[in-house]
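Next comes input_33.txt, a file with compact mmCIF, C-alpha atoms.
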# COMPACT_ATOMS: atom_id res chain seq x y z
CA MET A 1 0.58 -7.24 -9.83
CA ILE A 2 3.74 -6.94 -11.90
CA ALA A 3 5.40 -5.25 -8.93
CA LEU A 4 4.42 -8.22 -6.76
CA LEU A 5 5.82 -10.67 -9.32
CA LEU A 6 9.10 -8.76 -9.57
CA ARG A 7 9.34 -8.53 -5.78
CA ASP A 8 8.78 -12.27 -5.39
CA LEU A 9 11.39 -13.08 -8.02
CA LYS A 10 13.84 -10.71 -6.36
CA LEU A 11 13.20 -12.26 -2.95
CA ALA A 12 13.69 -15.74 -4.37
CA VAL A 13 17.11 -15.06 -5.84
CA ARG A 14 18.42 -12.97 -2.90
CA ALA A 15 20.23 -14.66 -0.02
CA GLY A 16 17.96 -16.93 1.99
CA GLY A 17 15.27 -16.90 -0.67
CA GLY A 18 15.33 -20.63 -1.32
CA PHE A 19 16.00 -20.44 -5.04
CA GLY A 20 18.07 -23.45 -6.04
CA LEU A 21 16.76 -25.63 -3.23
CA ALA A 22 14.39 -27.43 -5.59
CA LEU A 23 17.10 -27.76 -8.24
CA ALA A 24 19.57 -29.20 -5.74
CA PHE A 25 16.98 -31.68 -4.50
CA PHE A 26 16.13 -32.73 -8.06
CA LEU A 27 19.81 -33.23 -8.84
CA ILE A 28 20.32 -35.32 -5.69
CA VAL A 29 17.36 -37.60 -6.42
CA VAL A 30 18.41 -38.18 -10.02
CA VAL A 31 22.03 -38.83 -9.08
CA LEU A 32 21.11 -41.25 -6.30
CA VAL A 33 18.69 -43.41 -8.29
CA PRO A 34 21.40 -45.20 -10.36
CA PHE A 35 23.28 -45.94 -7.14
CA ALA A 36 20.16 -47.53 -5.67
CA VAL A 37 18.86 -49.55 -8.62
CA GLY A 38 22.22 -50.27 -10.22
CA PRO A 39 23.96 -48.65 -13.19
CA ASN A 40 22.63 -51.20 -15.67
CA THR A 41 21.51 -49.03 -18.60
CA SER A 42 18.86 -51.47 -19.76
CA ARG A 43 17.28 -51.28 -16.31
CA LEU A 44 17.53 -47.48 -16.03
CA ALA A 45 16.11 -46.63 -19.46
CA PRO A 46 12.52 -47.79 -18.85
CA ILE A 47 12.22 -46.03 -15.46
CA ALA A 48 14.04 -42.82 -16.43
CA ALA A 49 10.97 -40.80 -17.44
CA GLY A 50 9.03 -41.78 -14.32
CA VAL A 51 11.92 -41.06 -11.96
CA LEU A 52 12.52 -37.66 -13.53
CA TRP A 53 8.85 -36.79 -13.12
CA ILE A 54 8.72 -37.93 -9.49
CA GLY A 55 11.91 -36.01 -8.76
CA ALA A 56 10.52 -32.84 -10.31
CA LEU A 57 7.22 -33.21 -8.47
CA LEU A 58 8.85 -33.72 -5.06
CA ALA A 59 11.28 -30.86 -5.70
CA CYS A 60 8.30 -28.65 -6.46
CA LEU A 61 6.57 -29.76 -3.27
CA LEU A 62 9.62 -28.87 -1.20
CA SER A 63 9.30 -25.11 -1.60
CA LEU A 64 5.51 -24.80 -1.40
CA ASP A 65 5.20 -23.96 2.28
CA ARG A 66 7.34 -20.86 1.80
CA MET A 67 5.02 -19.48 -0.85
CA LEU A 68 2.52 -17.78 1.46
CA ALA A 69 3.72 -18.61 4.99
CA LEU A 70 6.56 -16.07 4.94
CA ASP A 71 4.23 -13.31 3.77
CA HIS A 72 1.75 -14.27 6.46
CA GLU A 73 4.35 -14.14 9.23
CA ASP A 74 5.58 -10.65 8.47
CA GLY A 75 2.10 -9.23 7.89
CA THR A 76 2.48 -8.72 4.15
CA LEU A 77 -0.60 -10.80 3.39
CA ASP A 78 -2.82 -8.65 5.63
CA LEU A 79 -1.58 -5.55 3.89
CA LEU A 80 -1.94 -7.09 0.42
CA ALA A 81 -5.51 -8.03 1.30
CA THR A 82 -6.25 -4.34 1.93
CA ALA A 83 -4.38 -3.24 -1.22
CA PRO A 84 -6.33 -2.65 -4.45
CA ILE A 85 -5.16 -5.99 -5.89
CA PRO A 86 -7.77 -8.78 -5.71
CA LEU A 87 -6.61 -11.77 -3.64
CA GLU A 88 -7.23 -14.00 -6.65
CA GLY A 89 -4.62 -11.97 -8.49
CA VAL A 90 -2.22 -12.16 -5.54
CA VAL A 91 -2.48 -15.96 -5.49
CA LEU A 92 -2.06 -16.23 -9.24
CA VAL A 93 1.03 -14.02 -9.14
CA LYS A 94 2.46 -16.02 -6.24
CA ALA A 95 1.96 -19.27 -8.17
CA CYS A 96 3.47 -17.69 -11.26
CA ALA A 97 6.54 -16.55 -9.33
CA HIS A 98 6.84 -20.03 -7.81
CA TRP A 99 6.72 -21.60 -11.26
CA LEU A 100 9.33 -19.18 -12.65
CA THR A 101 11.71 -19.96 -9.78
CA THR A 102 10.96 -23.69 -9.47
CA GLY A 103 9.00 -25.30 -12.31
CA LEU A 104 10.79 -23.57 -15.15
CA PRO A 105 14.35 -24.31 -13.92
CA LEU A 106 13.32 -27.92 -13.22
CA THR A 107 12.00 -28.24 -16.76
CA LEU A 108 15.20 -26.83 -18.19
CA VAL A 109 17.57 -29.08 -16.23
CA ALA A 110 15.46 -32.21 -16.72
CA ALA A 111 16.99 -32.90 -20.16
CA PRO A 112 20.65 -32.81 -19.02
CA LEU A 113 19.75 -34.93 -15.98
CA GLY A 114 18.01 -37.42 -18.28
CA VAL A 115 21.48 -38.41 -19.51
CA LEU A 116 22.33 -39.66 -16.02
CA LEU A 117 19.37 -42.03 -16.16
CA ASN A 118 20.01 -43.15 -19.73
CA LEU A 119 16.72 -41.75 -20.96
CA PRO A 120 16.19 -43.07 -24.53
CA GLN A 121 17.07 -40.49 -27.16
CA PRO A 122 13.55 -39.75 -28.55
CA GLY A 123 12.32 -39.04 -25.03
CA TYR A 124 14.16 -35.77 -24.32
CA GLY A 125 11.84 -33.46 -26.24
CA TRP A 126 8.75 -35.13 -24.82
CA LEU A 127 10.12 -34.99 -21.27
CA VAL A 128 10.75 -31.25 -21.46
CA LEU A 129 7.39 -30.67 -23.16
CA SER A 130 5.49 -32.71 -20.59
CA LEU A 131 7.19 -30.89 -17.70
CA ALA A 132 6.53 -27.53 -19.31
CA CYS A 133 2.84 -28.41 -19.60
CA GLY A 134 2.53 -30.05 -16.17
CA THR A 135 4.59 -27.94 -13.75
CA PRO A 136 2.34 -24.82 -13.91
CA ALA A 137 -0.45 -27.01 -12.51
CA LEU A 138 1.88 -28.16 -9.72
CA SER A 139 2.59 -24.56 -8.71
CA MET A 140 -1.06 -23.49 -8.86
CA ILE A 141 -2.33 -26.49 -6.88
CA GLY A 142 0.49 -25.82 -4.45
CA ALA A 143 -0.68 -22.23 -4.04
CA PHE A 144 -4.11 -23.55 -3.13
CA GLY A 145 -2.60 -25.90 -0.55
CA ALA A 146 -0.44 -23.09 0.82
CA ALA A 147 -3.52 -20.87 1.13
CA LEU A 148 -5.37 -23.60 3.03
CA THR A 149 -2.58 -24.07 5.55
CA VAL A 150 -1.28 -20.50 5.77
CA GLY A 151 -2.23 -19.78 9.37
CA LEU A 152 -0.95 -23.05 10.79
CA LYS A 153 2.30 -23.50 12.62
CA ARG A 154 4.34 -26.24 10.92
CA GLY A 155 1.72 -26.56 8.21
CA GLY A 156 4.21 -28.15 5.83
CA LEU A 157 3.24 -31.74 6.55
CA LEU A 158 -0.47 -31.04 6.23
CA LEU A 159 0.24 -29.10 3.05
CA SER A 160 2.03 -32.10 1.51
CA LEU A 161 -0.78 -34.46 2.47
CA LEU A 162 -3.42 -32.14 1.02
CA VAL A 163 -1.56 -31.41 -2.17
CA LEU A 164 -0.14 -34.83 -3.12
CA PRO A 165 -3.49 -36.43 -4.09
CA LEU A 166 -4.23 -33.41 -6.27
CA TYR A 167 -0.85 -33.85 -7.96
CA VAL A 168 -1.62 -37.43 -9.00
CA PRO A 169 -3.47 -36.73 -12.30
CA THR A 170 -0.75 -34.34 -13.44
CA LEU A 171 1.91 -36.92 -12.55
CA ILE A 172 0.11 -39.76 -14.32
CA PHE A 173 -0.43 -37.96 -17.61
CA GLY A 174 2.85 -36.04 -17.53
CA ALA A 175 4.94 -39.12 -16.89
CA GLU A 176 2.87 -41.01 -19.48
CA VAL A 177 3.78 -38.42 -22.14
CA ALA A 178 7.46 -38.73 -21.28
CA ARG A 179 7.37 -42.55 -21.13
CA ARG A 180 5.46 -43.03 -24.38
CA GLY A 181 7.64 -40.41 -26.03
CA ALA A 182 10.78 -42.26 -24.93
CA GLU A 183 9.41 -45.51 -26.35
CA GLY A 184 8.49 -43.82 -29.61
CA LEU A 185 4.73 -44.27 -29.15
CA GLU A 186 1.82 -41.93 -29.78
CA THR A 187 1.69 -39.19 -27.08
CA GLN A 188 -1.17 -36.97 -28.18
CA VAL A 189 -3.86 -38.17 -25.75
CA PRO A 190 -1.90 -37.92 -22.48
CA LEU A 191 -0.37 -34.62 -23.62
CA LEU A 192 -3.79 -33.12 -24.31
CA LEU A 193 -5.14 -34.42 -21.01
CA SER A 194 -2.14 -33.02 -19.18
CA CYS A 195 -2.67 -29.61 -20.80
CA ALA A 196 -6.39 -29.77 -20.01
CA ILE A 197 -5.65 -30.40 -16.33
CA THR A 198 -3.24 -27.47 -16.23
CA LEU A 199 -5.69 -25.11 -17.90
CA GLY A 200 -8.54 -26.23 -15.65
CA VAL A 201 -6.38 -25.78 -12.57
CA LEU A 202 -5.24 -22.31 -13.68
CA ALA A 203 -8.86 -21.30 -14.26
CA ALA A 204 -10.37 -22.60 -11.03
CA MET A 205 -7.66 -22.67 -8.38
CA PRO A 206 -7.06 -18.90 -7.96
CA PHE A 207 -10.66 -18.52 -6.78
CA ALA A 208 -10.48 -21.51 -4.44
CA ALA A 209 -7.13 -20.34 -3.04
CA ALA A 210 -8.35 -16.76 -2.53
CA ALA A 211 -11.45 -18.03 -0.71
CA ALA A 212 -9.28 -20.19 1.56
CA LEU A 213 -6.97 -17.25 2.17
CA ARG A 214 -9.84 -14.94 3.15
CA ILE A 215 -11.01 -17.43 5.76
CA ASN A 216 -7.49 -17.89 7.11
CA LEU A 217 -6.87 -14.15 7.40
CA ARG A 218 -9.86 -13.57 9.68
CA MET B 1 -15.21 9.35 5.19
CA LEU B 2 -15.59 6.37 7.43
CA SER B 3 -18.82 5.51 9.14
CA VAL B 4 -19.33 2.57 11.45
CA THR B 5 -22.81 1.62 12.61
CA ASP B 6 -23.69 -0.82 15.33
CA LEU B 7 -20.68 -3.03 14.70
CA THR B 8 -20.35 -6.35 16.50
CA CYS B 9 -16.98 -8.05 16.13
CA ALA B 10 -16.00 -11.59 17.00
CA ARG B 11 -12.65 -13.18 17.68
CA GLY B 12 -12.51 -16.94 17.23
CA GLY B 13 -16.31 -17.05 16.92
CA VAL B 14 -16.88 -15.32 20.28
CA PRO B 15 -18.27 -11.76 20.19
CA VAL B 16 -15.89 -9.33 21.92
CA THR B 17 -17.34 -5.89 21.21
CA GLU B 18 -20.88 -4.98 20.23
CA GLY B 19 -22.84 -1.90 19.22
CA VAL B 20 -19.82 0.23 18.28
CA SER B 21 -20.84 3.26 16.19
CA PHE B 22 -18.90 6.33 15.13
CA ARG B 23 -18.27 8.65 12.21
CA LEU B 24 -14.96 9.94 11.02
CA ASP B 25 -14.93 13.04 8.79
CA ALA B 26 -12.10 14.58 6.81
CA GLY B 27 -9.46 16.12 9.06
CA GLU B 28 -10.57 14.17 12.12
CA ALA B 29 -8.69 11.69 14.24
CA LEU B 30 -10.22 9.19 16.61
CA VAL B 31 -8.21 7.42 19.30
CA LEU B 32 -9.37 3.99 20.47
CA ARG B 33 -8.61 3.10 24.03
CA GLY B 34 -9.35 0.11 26.20
CA PRO B 35 -7.62 -2.54 28.29
CA ASN B 36 -5.74 -5.45 26.68
CA GLY B 37 -8.02 -8.05 25.20
CA ILE B 38 -11.02 -5.74 24.86
CA GLY B 39 -10.94 -6.21 21.09
CA LYS B 40 -9.19 -3.14 19.65
CA THR B 41 -7.23 -5.16 17.10
CA THR B 42 -10.29 -7.23 16.21
CA LEU B 43 -12.34 -4.08 15.69
CA LEU B 44 -9.67 -2.52 13.50
CA ARG B 45 -9.32 -5.69 11.40
CA VAL B 46 -13.07 -5.77 10.83
CA ILE B 47 -13.09 -2.10 9.85
CA ALA B 48 -10.17 -2.71 7.47
CA GLY B 49 -12.18 -5.51 5.86
CA LEU B 50 -9.85 -8.34 6.89
CA ALA B 51 -12.54 -10.07 8.93
CA PRO B 52 -16.31 -10.04 8.46
CA PRO B 53 -18.44 -8.33 11.16
CA LEU B 54 -21.00 -10.39 13.08
CA ALA B 55 -23.44 -7.51 12.75
CA GLY B 56 -23.41 -3.89 11.70
CA GLU B 57 -21.93 -1.99 8.80
CA VAL B 58 -18.72 -0.27 7.81
CA GLU B 59 -18.94 2.39 5.11
CA GLY B 60 -15.93 3.87 3.39
CA ALA B 61 -13.70 0.82 3.89
CA GLU B 62 -12.24 1.15 0.37
CA GLY B 63 -10.29 4.26 1.38
CA ILE B 64 -8.46 2.59 4.25
CA ALA B 65 -4.74 2.11 4.67
CA TYR B 66 -4.26 -0.42 7.46
CA ALA B 67 -1.16 -0.83 9.61
CA GLY B 68 -1.23 -3.70 12.07
CA HIS B 69 1.27 -5.15 14.52
CA ALA B 70 3.38 -6.58 11.70
CA ASP B 71 4.92 -4.13 9.24
CA GLY B 72 4.97 -6.27 6.10
CA ILE B 73 8.67 -5.57 5.55
CA LYS B 74 10.93 -7.95 3.67
CA ALA B 75 14.33 -8.31 5.31
CA GLN B 76 16.08 -9.08 2.00
CA LEU B 77 14.91 -5.87 0.34
CA SER B 78 16.29 -2.38 0.97
CA VAL B 79 14.21 0.37 2.54
CA THR B 80 13.65 1.98 -0.86
CA GLU B 81 12.70 -1.33 -2.49
CA ASN B 82 10.19 -2.07 0.27
CA LEU B 83 8.54 1.33 -0.12
CA ARG B 84 8.59 1.17 -3.91
CA PHE B 85 6.84 -2.17 -3.83
CA TRP B 86 4.03 -0.88 -1.62
CA ALA B 87 3.74 2.26 -3.72
CA ALA B 88 3.34 0.11 -6.83
CA ALA B 89 0.84 -2.17 -5.09
CA PHE B 90 -1.33 0.86 -4.28
CA GLY B 91 -0.82 2.44 -7.70
CA THR B 92 1.38 5.39 -6.68
CA THR B 93 5.02 6.11 -7.55
CA ASP B 94 6.47 8.87 -5.37
CA ILE B 95 8.19 7.60 -2.23
CA SER B 96 10.35 10.62 -1.34
CA PRO B 97 7.78 12.37 0.92
CA ALA B 98 7.50 9.15 2.91
CA LEU B 99 11.30 8.89 3.27
CA ASP B 100 11.47 12.51 4.45
CA ALA B 101 8.52 12.35 6.84
CA PHE B 102 9.98 9.46 8.80
CA ASN B 103 13.62 10.47 8.53
CA LEU B 104 14.58 7.42 6.47
CA ARG B 105 16.86 9.15 3.93
CA GLU B 106 20.08 7.95 5.53
CA LEU B 107 18.74 4.39 5.72
CA ALA B 108 17.33 4.37 2.19
CA HIS B 109 19.80 1.81 0.82
CA ARG B 110 20.15 -0.35 3.91
CA MET B 111 18.66 -3.85 3.83
CA ALA B 112 15.51 -3.83 5.94
CA GLY B 113 16.80 -6.90 7.78
CA THR B 114 19.63 -4.83 9.30
CA LEU B 115 17.32 -2.15 10.72
CA SER B 116 16.50 -1.88 14.43
CA ALA B 117 12.96 -2.52 15.65
CA GLY B 118 12.19 1.19 15.85
CA GLN B 119 13.61 1.86 12.39
CA LYS B 120 11.52 -1.00 10.98
CA ARG B 121 8.45 0.50 12.60
CA ARG B 122 9.24 3.85 10.98
CA LEU B 123 9.50 2.11 7.63
CA GLY B 124 6.18 0.38 8.29
CA LEU B 125 4.55 3.73 9.06
CA ALA B 126 6.16 5.38 6.03
CA ARG B 127 4.27 2.81 3.98
CA LEU B 128 1.04 4.62 4.95
CA LEU B 129 2.18 7.73 3.10
CA VAL B 130 2.87 5.88 -0.16
CA THR B 131 -0.56 4.23 -0.20
CA GLY B 132 -2.26 7.54 -0.97
CA ARG B 133 -5.31 6.32 0.95
CA PRO B 134 -7.32 8.94 2.92
CA VAL B 135 -8.24 6.93 6.03
CA TRP B 136 -5.44 5.54 8.17
CA VAL B 137 -6.38 2.69 10.47
CA LEU B 138 -3.49 2.13 12.86
CA ASP B 139 -3.05 -0.55 15.49
CA GLU B 140 -0.55 0.47 18.20
CA PRO B 141 1.57 2.50 15.75
CA THR B 142 4.05 3.73 18.35
CA VAL B 143 5.30 0.34 19.56
CA SER B 144 9.13 0.36 19.78
CA LEU B 145 9.38 4.02 18.69
CA ASP B 146 11.51 6.47 20.73
CA THR B 147 10.12 9.87 21.72
CA ALA B 148 11.66 11.66 18.74
CA SER B 149 10.11 9.15 16.36
CA VAL B 150 6.76 9.40 18.13
CA ALA B 151 6.92 13.15 17.48
CA LEU B 152 7.73 12.45 13.80
CA PHE B 153 4.75 10.14 13.65
CA ALA B 154 2.47 12.69 15.31
CA ASP B 155 3.63 15.30 12.79
CA ALA B 156 2.90 12.91 9.93
CA VAL B 157 -0.61 12.28 11.27
CA ARG B 158 -1.19 16.04 11.69
CA ALA B 159 -0.04 16.68 8.12
CA HIS B 160 -2.29 13.89 6.89
CA LEU B 161 -5.30 15.35 8.74
CA ALA B 162 -4.51 18.85 7.47
CA SER B 163 -4.55 17.56 3.89
CA GLY B 164 -8.07 16.21 4.35
CA GLY B 165 -7.30 12.74 5.61
CA ALA B 166 -8.63 10.94 8.66
CA ALA B 167 -7.08 8.57 11.17
CA LEU B 168 -8.34 5.89 13.51
CA ILE B 169 -5.64 5.00 16.01
CA ALA B 170 -5.56 2.40 18.76
CA THR B 171 -2.92 3.56 21.21
CA HIS B 172 -2.17 3.97 24.89
CA ILE B 173 0.21 6.89 24.79
CA ASP B 174 -0.65 10.54 24.38
CA LEU B 175 0.31 11.62 20.86
CA GLY B 176 -0.46 15.30 21.46
CA LEU B 177 -3.10 15.21 18.75
CA GLU B 178 -6.42 16.97 18.92
CA ALA B 179 -8.45 13.81 18.71
CA ARG B 180 -11.67 12.46 20.06
CA VAL B 181 -11.27 9.42 22.29
CA LEU B 182 -13.45 6.34 22.03
CA GLU B 183 -13.29 4.15 25.12
CA LEU B 184 -14.08 0.57 24.11
CA ALA B 185 -14.69 -0.91 27.56
CA PRO B 186 -18.45 0.03 27.64
CA PHE B 187 -18.96 -1.85 24.37
CA LYS B 188 -17.70 -5.16 25.72
CA ALA B 189 -19.97 -7.96 24.51
CA LYS B 190 -22.06 -9.67 27.13
CA PRO B 191 -21.25 -13.34 27.54
CA ALA B 192 -23.96 -15.36 25.86
CA THR B 193 -24.78 -19.05 25.78
CA ARG B 194 -24.05 -20.11 22.25
CA ALA B 195 -25.00 -23.78 22.26
CA SER B 196 -26.81 -23.44 18.93
CA ASP B 197 -23.72 -22.23 17.08
CA PHE B 198 -21.90 -25.53 17.12
CA ASP B 199 -21.07 -25.30 13.41
CA GLU B 200 -19.59 -21.85 13.81
CA ALA B 201 -16.58 -23.27 15.61
CA PHE B 202 -15.62 -25.15 12.46
CA LEU B 203 -15.98 -22.31 9.99
Final structure tokens representation of the file:
Amino acid sequence: MIALLLRDLKLAVRAGGGFGLALAFFLIVVVLVPFAVGPNTSRLAPIAAGVLWIGALLACLLSLDRMLALDHEDGTLDLLATAPIPLEGVVLVKACAHWLTTGLPLTLVAAPLGVLLNLPQPGYGWLVLSLACGTPALSMIGAFGAALTVGLKRGGLLLSLLVLPLYVPTLIFGAEVARRGAEGLETQVPLLLSCAITLGVLAAMPFAAAAALRINLR
Amino acid sequence: MLSVTDLTCARGGVPVTEGVSFRLDAGEALVLRGPNGIGKTTLLRVIAGLAPPLAGEVEGAEGIAYAGHADGIKAQLSVTENLRFWAAAFGTTDISPALDAFNLRELAHRMAGTLSAGQKRRLGLARLLVTGRPVWVLDEPTVSLDTASVALFADAVRAHLASGGAALIATHIDLGLEARVLELAPFKAKPATRASDFDEAFL
């Protein structure tokens, strides 16, 4: 399983691997928002946390269809299914590699990008914390969606439609942590709920995704 | 090592072959033959455990190394990296016998994406050696191989059989192996009216 994780990370950073796509998209969204709503800092400050969260979520969504589709095309998934690694483990590792190459970099650049949106000063720590707690769930739910649509040609659209509703709770509580944090309010309840969602997703989704994958490999 | 009893396989919910039975012991090879569309690939996928059988049993599936039409090679990784990954996935470490057996030494540091179709195929077949699994289940292994490479492959299969392995091969060319031949055409499933299985189409 470690070999699979290392291979996925290596593939992501090599040419054509798609690493940086999510970061570039996130950067573009955050840079464009002030142009669209106006540079007025008093208008940007209240929406900064929400915009950063939406940007991170959409950037995460962008790379999901590559997670399993490429391995399906070149036959790797068939061979992995006959290898002594359980499919649940394969899916978990895939989601983990996706988070390390997408969710983690997004979390790390969110704070510098917050400056562009005039995020209030107390909000930076909470923004990074909320993304760190929420993005693993995005990757794991995404792995489930990718497993559901793996055999389909041009499954990307269907994948987005399936996954977006499942992203909503994570978005609501994650953005709520960042927003309340920025306004200097109590953040414990949304933060705990956000963590609970992530833990629940990490516990249940590998099994759901592996079951979907088994059906799609038939 | 591998025993198949009364196996019925379906593709897309429609049975294609039924009542297939055979045994494969250590040191034996079995060649599957049959016209296109008879269900060779489907049968092999069921035996490898990738698809569930409609009826019948497969014993010994845990010792199978499967090689299908696609080789599972990553273009952005080198030949060595590809083999090392599969070795690690199957819990082995030594890849040099595989490199030697399929004459991949000179290509060891090339990116797999720059290999020709035949060289990729050789890499895909070399993967079988690093799995350390006793039963090889191969679906058209000689596609895009030249005659010299086919001979390399036949030698590799012979060495595998001599070391107590077994092989089940779907192929149309003569590999020069001493192998039993199983003709699939007589096992073709009879067309049946399946009005009751409406739900099956959606599963």
Can you work out the spacing between atom CA of B:Gly118 and atom CA of B:Leu152 in Å, to one decimal?
->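 We find that atom CA of B:Gly118 and atom CA of B:Leu152 lie 12.3 Å from each other.
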Please identify all polymer residues within 12 Å of A:Ile2, counting all atoms listed in the file, omitting same-chain residues fewer than 5 positions from it, and present them as a list in words.
->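 That gives Arg7, Asp8, Leu9, Ile85, Gly89, Val90, Leu92, Val93, Lys94, Cys96 and Ala97 of chain A; Phe85, Trp86, Ala88, Ala89 and Gly91 of chain B.
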Give me, please, the distance in Å between atom CA of A:Ser139 and atom CA of A:Trp99, quoted to one decimal.
->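 For atom CA of A:Ser139 relative to atom CA of A:Trp99, the distance reads 5.7 Å.
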Would you please work out which residue, of A:Val30, A:Ala208, A:Val189, A:Leu57, is nearest to A:Leu116 when using all atoms listed in the file?
->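 Closest candidate: A:Val30.
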Write out as an MDAnalysis selection string the residues lying within 9 Å of stretch 36-42 of chain B, counting all atoms listed in the file and excluding same-chain residues fewer than 5 positions away.
-> chainID B and resid 9:11 16:17 47 51 68:69 139:140 170 184:185 187:188
Compile the residues of chain A that lie within 12 Å of chain B, evaluated using all atoms listed in the file, and express the compilation as an MDAnalysis selection string.
-> chainID A and resid 1:17 70:87 89:90 212:218
Please return stretch 128-134 of chain B, rebuilt to all heavy atoms, as a JSON list (two decimals), keeping the file's coordinate frame.
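Below you can see result08.json, which holds the result:
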[["chain", "number", "residue", "atom", "x", "y", "z"],
["B", 128, "LEU", "N", 2.36, 3.98, 4.99],
["B", 128, "LEU", "CA", 1.04, 4.62, 4.95],
["B", 128, "LEU", "C", 1.03, 5.79, 3.98],
["B", 128, "LEU", "O", 0.04, 6.02, 3.28],
["B", 128, "LEU", "CB", 0.67, 5.13, 6.34],
["B", 128, "LEU", "CG", 0.41, 4.07, 7.39],
["B", 128, "LEU", "CD1", 0.37, 4.70, 8.76],
["B", 128, "LEU", "CD2", -0.90, 3.37, 7.08],
["B", 129, "LEU", "N", 2.14, 6.54, 3.94],
["B", 129, "LEU", "CA", 2.18, 7.73, 3.10],
["B", 129, "LEU", "C", 2.18, 7.35, 1.62],
["B", 129, "LEU", "O", 1.63, 8.08, 0.80],
["B", 129, "LEU", "CB", 3.43, 8.55, 3.42],
["B", 129, "LEU", "CG", 3.36, 9.36, 4.71],
["B", 129, "LEU", "CD1", 4.72, 9.93, 5.04],
["B", 129, "LEU", "CD2", 2.35, 10.47, 4.59],
["B", 130, "VAL", "N", 2.82, 6.22, 1.26],
["B", 130, "VAL", "CA", 2.87, 5.88, -0.16],
["B", 130, "VAL", "C", 1.58, 5.23, -0.65],
["B", 130, "VAL", "O", 1.39, 5.07, -1.85],
["B", 130, "VAL", "CB", 4.07, 4.96, -0.52],
["B", 130, "VAL", "CG1", 5.37, 5.59, -0.08],
["B", 130, "VAL", "CG2", 3.91, 3.58, 0.08],
["B", 131, "THR", "N", 0.68, 4.85, 0.27],
["B", 131, "THR", "CA", -0.56, 4.23, -0.20],
["B", 131, "THR", "C", -1.47, 5.26, -0.85],
["B", 131, "THR", "O", -2.29, 4.91, -1.69],
["B", 131, "THR", "CB", -1.34, 3.56, 0.94],
["B", 131, "THR", "OG1", -1.67, 4.56, 1.91],
["B", 131, "THR", "CG2", -0.55, 2.46, 1.60],
["B", 132, "GLY", "N", -1.37, 6.52, -0.42],
["B", 132, "GLY", "CA", -2.26, 7.54, -0.97],
["B", 132, "GLY", "C", -3.71, 7.37, -0.53],
["B", 132, "GLY", "O", -4.60, 7.98, -1.11],
["B", 133, "ARG", "N", -3.94, 6.53, 0.47],
["B", 133, "ARG", "CA", -5.31, 6.32, 0.95],
["B", 133, "ARG", "C", -5.68, 7.39, 1.98],
["B", 133, "ARG", "O", -4.82, 7.80, 2.76],
["B", 133, "ARG", "CB", -5.42, 4.93, 1.60],
["B", 133, "ARG", "CG", -5.27, 3.77, 0.63],
["B", 133, "ARG", "CD", -6.61, 3.46, 0.04],
["B", 133, "ARG", "NE", -6.56, 2.40, -0.95],
["B", 133, "ARG", "CZ", -6.83, 1.12, -0.69],
["B", 133, "ARG", "NH1", -7.09, 0.74, 0.53],
["B", 133, "ARG", "NH2", -6.84, 0.24, -1.67],
["B", 134, "PRO", "N", -6.95, 7.84, 2.01],
["B", 134, "PRO", "CA", -7.32, 8.94, 2.92],
["B", 134, "PRO", "C", -7.52, 8.53, 4.38],
["B", 134, "PRO", "O", -7.34, 9.36, 5.26],
["B", 134, "PRO", "CB", -8.63, 9.45, 2.32],
["B", 134, "PRO", "CG", -9.18, 8.31, 1.54],
["B", 134, "PRO", "CD", -8.02, 7.51, 1.06]]
